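A.B. asks: Contents of upload-v7.cif (mmCIF, C-alpha atoms) are given next:
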```
data_coords
#
loop_
_atom_site.label_atom_id
_atom_site.label_comp_id
_atom_site.auth_asym_id
_atom_site.auth_seq_id
_atom_site.Cartn_x
_atom_site.Cartn_y
_atom_site.Cartn_z
CA MET Q 8 3.49 68.12 -77.69
CA ILE Q 9 3.53 64.89 -75.75
CA ASP Q 10 0.22 63.66 -74.35
CA PHE Q 11 0.85 62.58 -70.77
CA SER Q 12 -2.74 61.55 -70.09
CA LYS Q 13 -2.00 57.91 -71.02
CA ILE Q 14 1.05 57.87 -68.79
CA VAL Q 15 -0.95 59.41 -65.95
CA ALA Q 16 -3.72 56.83 -66.42
CA ILE Q 17 -1.23 53.96 -66.39
CA ARG Q 18 0.50 55.30 -63.31
CA GLN Q 19 -2.86 55.85 -61.61
CA ARG Q 20 -3.78 52.20 -62.22
CA ARG Q 21 -0.38 51.14 -60.93
CA LEU Q 22 -0.89 53.25 -57.81
CA ASP Q 23 -4.33 51.71 -57.30
CA ARG Q 24 -2.78 48.23 -57.54
CA MET Q 25 -0.09 49.23 -55.05
CA ILE Q 26 -2.73 50.53 -52.63
CA THR Q 27 -4.66 47.27 -52.95
CA ALA Q 28 -1.49 45.24 -52.42
CA GLU Q 29 -0.62 47.30 -49.36
CA LYS Q 30 -4.10 46.73 -47.90
CA LEU Q 31 -3.76 42.99 -48.48
CA GLU Q 32 -0.37 42.98 -46.76
CA GLU Q 33 -1.83 44.94 -43.84
CA ALA Q 34 -4.62 42.37 -43.55
CA ALA Q 35 -1.99 39.60 -43.55
CA LEU Q 36 -0.12 41.50 -40.85
CA ARG Q 37 -3.24 41.74 -38.70
CA GLN Q 38 -3.82 37.99 -39.18
CA ALA Q 39 -0.21 37.19 -38.27
CA ASP Q 40 -0.53 39.39 -35.19
CA ALA Q 41 -3.75 37.61 -34.19
CA ASP Q 42 -2.02 34.24 -34.72
CA CYS Q 43 0.83 35.33 -32.45
CA GLU Q 44 -1.58 36.41 -29.76
CA ALA Q 45 -3.46 33.10 -30.07
CA ALA Q 46 -0.20 31.15 -29.82
CA GLN Q 47 0.80 33.09 -26.71
CA GLN Q 48 -2.65 32.54 -25.22
CA ALA Q 49 -2.34 28.79 -25.90
CA ILE Q 50 1.00 28.79 -24.05
CA ASP Q 51 -0.48 30.72 -21.15
CA ASP Q 52 -3.45 28.35 -20.98
CA TYR Q 53 -1.19 25.32 -21.06
CA LEU Q 54 1.00 26.79 -18.34
CA GLU Q 55 -2.08 27.26 -16.20
CA GLN Q 56 -3.15 23.65 -16.84
CA THR Q 57 0.26 22.23 -15.97
CA ARG Q 58 1.11 24.54 -13.10
CA THR Q 59 0.40 21.91 -10.47
CA LEU Q 60 1.02 18.82 -12.62
CA GLU Q 61 4.20 17.71 -10.88
CA ILE Q 62 2.71 18.21 -7.43
CA ASP Q 63 -0.42 16.27 -8.44
CA LEU Q 64 1.66 13.39 -9.85
CA LEU Q 65 3.81 13.20 -6.74
CA THR Q 66 0.76 13.40 -4.49
CA ASN Q 67 -0.76 10.42 -6.31
CA LEU Q 68 2.41 8.44 -5.65
CA LEU Q 69 2.78 9.55 -2.05
CA ASN Q 70 0.03 7.52 -0.43
CA LYS Q 71 0.51 4.21 -2.19
CA SER Q 72 3.19 1.71 -2.90
CA VAL Q 73 5.02 2.83 -6.02
CA SER Q 74 5.74 0.37 -8.79
CA VAL Q 75 8.02 0.74 -11.76
CA ASN Q 76 4.96 1.13 -13.98
CA ASP Q 77 3.78 4.05 -11.85
CA LEU Q 78 7.14 5.77 -12.22
CA LEU Q 79 7.18 5.08 -15.95
CA ALA Q 80 3.66 6.55 -16.25
CA VAL Q 81 4.79 9.69 -14.39
CA GLU Q 82 7.86 9.93 -16.59
CA GLU Q 83 5.72 9.50 -19.73
CA THR Q 84 3.28 12.16 -18.56
CA LEU Q 85 6.12 14.60 -17.90
CA ARG Q 86 7.70 13.79 -21.28
CA LYS Q 87 4.41 14.42 -23.11
CA THR Q 88 3.93 17.63 -21.17
CA LYS Q 89 7.40 18.80 -22.13
CA GLU Q 90 6.83 17.87 -25.80
CA LYS Q 91 3.54 19.74 -25.89
CA ALA Q 92 5.18 22.78 -24.29
CA GLN Q 93 7.97 22.62 -26.90
CA GLU Q 94 5.40 22.34 -29.72
CA LEU Q 95 3.58 25.39 -28.39
CA ALA Q 96 6.84 27.32 -28.10
CA ASN Q 97 7.84 26.35 -31.65
CA HIS Q 98 4.43 27.38 -32.94
CA ARG Q 99 4.77 30.76 -31.23
CA ALA Q 100 8.25 31.20 -32.72
CA GLU Q 101 6.86 30.41 -36.19
CA CYS Q 102 4.06 32.91 -35.65
CA GLU Q 103 6.55 35.58 -34.57
CA THR Q 104 8.64 34.87 -37.67
CA ARG Q 105 5.56 35.20 -39.88
CA LEU Q 106 4.68 38.42 -38.04
CA LEU Q 107 8.13 39.89 -38.71
CA GLU Q 108 7.91 38.85 -42.35
CA ALA Q 109 4.44 40.39 -42.63
CA LYS Q 110 5.72 43.64 -41.11
CA GLU Q 111 8.53 43.70 -43.66
CA ARG Q 112 6.12 43.03 -46.53
CA VAL Q 113 3.87 45.87 -45.30
CA ARG Q 114 6.88 48.18 -45.14
CA ILE Q 115 7.92 47.21 -48.67
CA ALA Q 116 4.38 47.57 -50.01
CA GLY Q 117 4.12 51.00 -48.38
CA ARG Q 118 7.38 52.08 -49.92
CA GLN Q 119 6.31 50.82 -53.35
CA ARG Q 120 2.98 52.62 -53.01
CA ALA Q 121 4.78 55.83 -52.03
CA ASN Q 122 7.16 55.52 -55.00
CA SER Q 123 4.23 54.92 -57.31
CA ALA Q 124 2.44 57.96 -55.90
CA VAL Q 125 5.54 60.10 -56.44
CA LYS Q 126 5.77 58.97 -60.07
CA LEU Q 127 2.08 59.69 -60.56
CA ASN Q 128 2.48 63.13 -59.01
CA LYS Q 129 5.43 63.85 -61.29
CA SER Q 130 3.45 62.78 -64.35
CA GLU Q 131 0.47 64.84 -63.27
CA HIS Q 132 2.77 67.80 -62.62
CA ILE Q 133 4.37 67.45 -66.05
CA GLN Q 134 0.95 67.08 -67.68
CA THR Q 135 -0.30 70.19 -65.88
CA HIS Q 136 2.84 72.12 -66.79
CA LEU Q 137 2.54 71.14 -70.46
CA ARG Q 138 -1.14 72.06 -70.47
CA GLN Q 139 -0.26 75.45 -68.99
CA GLN Q 140 2.44 75.92 -71.62
CA ARG Q 141 -0.04 75.08 -74.41
CA MET Q 142 -2.56 77.53 -72.97
CA HIS Q 143 0.15 80.18 -72.69
CA SER Q 144 1.23 79.52 -76.30
CA GLU Q 145 -2.37 79.82 -77.48
CA GLU Q 146 -2.75 83.08 -75.55
CA LEU Q 147 0.45 84.41 -77.13
CA ARG Q 148 -0.79 83.44 -80.61
CA GLU Q 149 -4.14 85.11 -79.94
CA GLU Q 150 -2.38 88.23 -78.68
CA ALA Q 151 -0.10 88.23 -81.72
CA ALA Q 152 -3.13 87.86 -83.99
CA LEU Q 153 -4.88 90.71 -82.15
CA ASP Q 154 -1.75 92.87 -82.36
CA GLU Q 155 -1.47 92.18 -86.07
CA PHE Q 156 -5.15 92.96 -86.54
CA CYS Q 157 -4.80 96.19 -84.58
CA GLU Q 158 -1.73 97.16 -86.60
CA GLN Q 159 -3.60 96.49 -89.81
CA MET Q 160 -6.55 98.55 -88.62
CA ALA Q 161 -4.23 101.35 -87.53
CA ALA Q 162 -2.42 101.21 -90.86
CA ARG Q 163 -5.71 101.40 -92.74
CA LYS Q 164 -6.84 104.39 -90.67
CA GLY Q 165 -3.50 106.05 -91.25
CA TYR Q 166 -3.87 105.72 -95.05
CA ALA Q 167 -7.47 106.80 -94.99
CA ALA Q 168 -6.79 110.02 -93.13
#
```
Write out the structure in this file as structure tokens.

C.D. replies:
Amino acid sequence: MIDFSKIVAIRQRRLDRMITAEKLEEAALRQADADCEAAQQAIDDYLEQTRTLEIDLLTNLLNKSVSVNDLLAVEETLRKTKEKAQELANHRAECETRLLEAKERVRIAGRQRANSAVKLNKSEHIQTHLRQQRMHSEELREEAALDEFCEQMAARKGYAA
């Protein structure tokens, strides 16, 4: 008969690796989720900082004579503000992309772990079934030996009587 214990052991190790890989992917997913939340918080904080920026810049210009340099400084400040906002938005988009990729990797790792578990269960089932068949065969041999012994004893008693 085939010994499935080696196959079961190999598949058990494979399942253990799949479980570890899935846990690592879940940790990466949690990190990606935290990064997304941090990126969104950075955007919210920046929005709060710049909420009154335009009004403040115009107020500074309102009560004085405005030069070209003052207008250029305002324009530069607005340009830098817009660039920073775009950087934050791009960073959030990258974080969301990484989050989606991490979710997909977790889904794949879960599916691989499930497939590995199914294979292990099949191997264990086959191993159990073969073990039961061996035990049943041994029982049948023992019964046959007992029957033969009983027949021999009966035959001896029949001749002796």

A.B. asks: Run through the PyMOL selection byres ((chain Q and resi 37-50) around 6) on the given coordinates and return the selected residues as a PDB file with C-alpha atoms, keeping the file's coordinate frame.

C.D. replies:
```
ATOM      1  CA  ALA Q  34      -4.620  42.370 -43.550  1.00  0.00           C
ATOM      2  CA  ALA Q  35      -1.990  39.600 -43.550  1.00  0.00           C
ATOM      3  CA  LEU Q  36      -0.120  41.500 -40.850  1.00  0.00           C
ATOM      4  CA  ASP Q  51      -0.480  30.720 -21.150  1.00  0.00           C
ATOM      5  CA  ASP Q  52      -3.450  28.350 -20.980  1.00  0.00           C
ATOM      6  CA  TYR Q  53      -1.190  25.320 -21.060  1.00  0.00           C
ATOM      7  CA  ARG Q  99       4.770  30.760 -31.230  1.00  0.00           C
ATOM      8  CA  CYS Q 102       4.060  32.910 -35.650  1.00  0.00           C
ATOM      9  CA  LEU Q 106       4.680  38.420 -38.040  1.00  0.00           C
TER      10      LEU Q 106
END
```

A.B. asks: Could you tell me, as a PyMOL selection string, exactly which residues end up selected when the PyMOL selection byres ((chain Q and resi 77-81) around 12) is applied to this structure?

C.D. replies: chain Q and resi 60-69+71-76+82-88

A.B. asks: Report the distance between CA of Gly165 (chain Q) and CA of Glu146 (chain Q) in Å, rounded to one decimal place.

C.D. replies: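 Separation of CA of Gly165 (chain Q) and CA of Glu146 (chain Q): 27.8 Å.
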
A.B. asks: My list of candidates is Q:Ile14, Q:Leu107, Q:Met142, Q:Ala92. Which is closest to Glu55 (chain Q) when distances are computed with only C-alpha atoms?

C.D. replies: Q:Ala92

A.B. asks: For CA of Cys157 (chain Q) and CA of His143 (chain Q), determine how far apart the two atoms are, in Å to one decimal place.

C.D. replies: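 Separating CA of Cys157 (chain Q) from CA of His143 (chain Q) is a distance of 20.5 Å.
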
A.B. asks: For the atom pair CA of Leu127 (chain Q) and CA of Arg24 (chain Q), what is the interatomic distance in Å to one decimal place?

C.D. replies: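 Separation between CA of Leu127 (chain Q) and CA of Arg24 (chain Q): 12.8 Å.
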
A.B. asks: So which one's closest to Met25 (chain Q), Q:Lys110, Q:Asn128, Q:Arg120, Q:Ala161? Using all atoms listed in the file, please.

C.D. replies: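 Between Q:Lys110, Q:Asn128, Q:Arg120, Q:Ala161, the residue approaching Met25 (chain Q) most closely is Q:Arg120.
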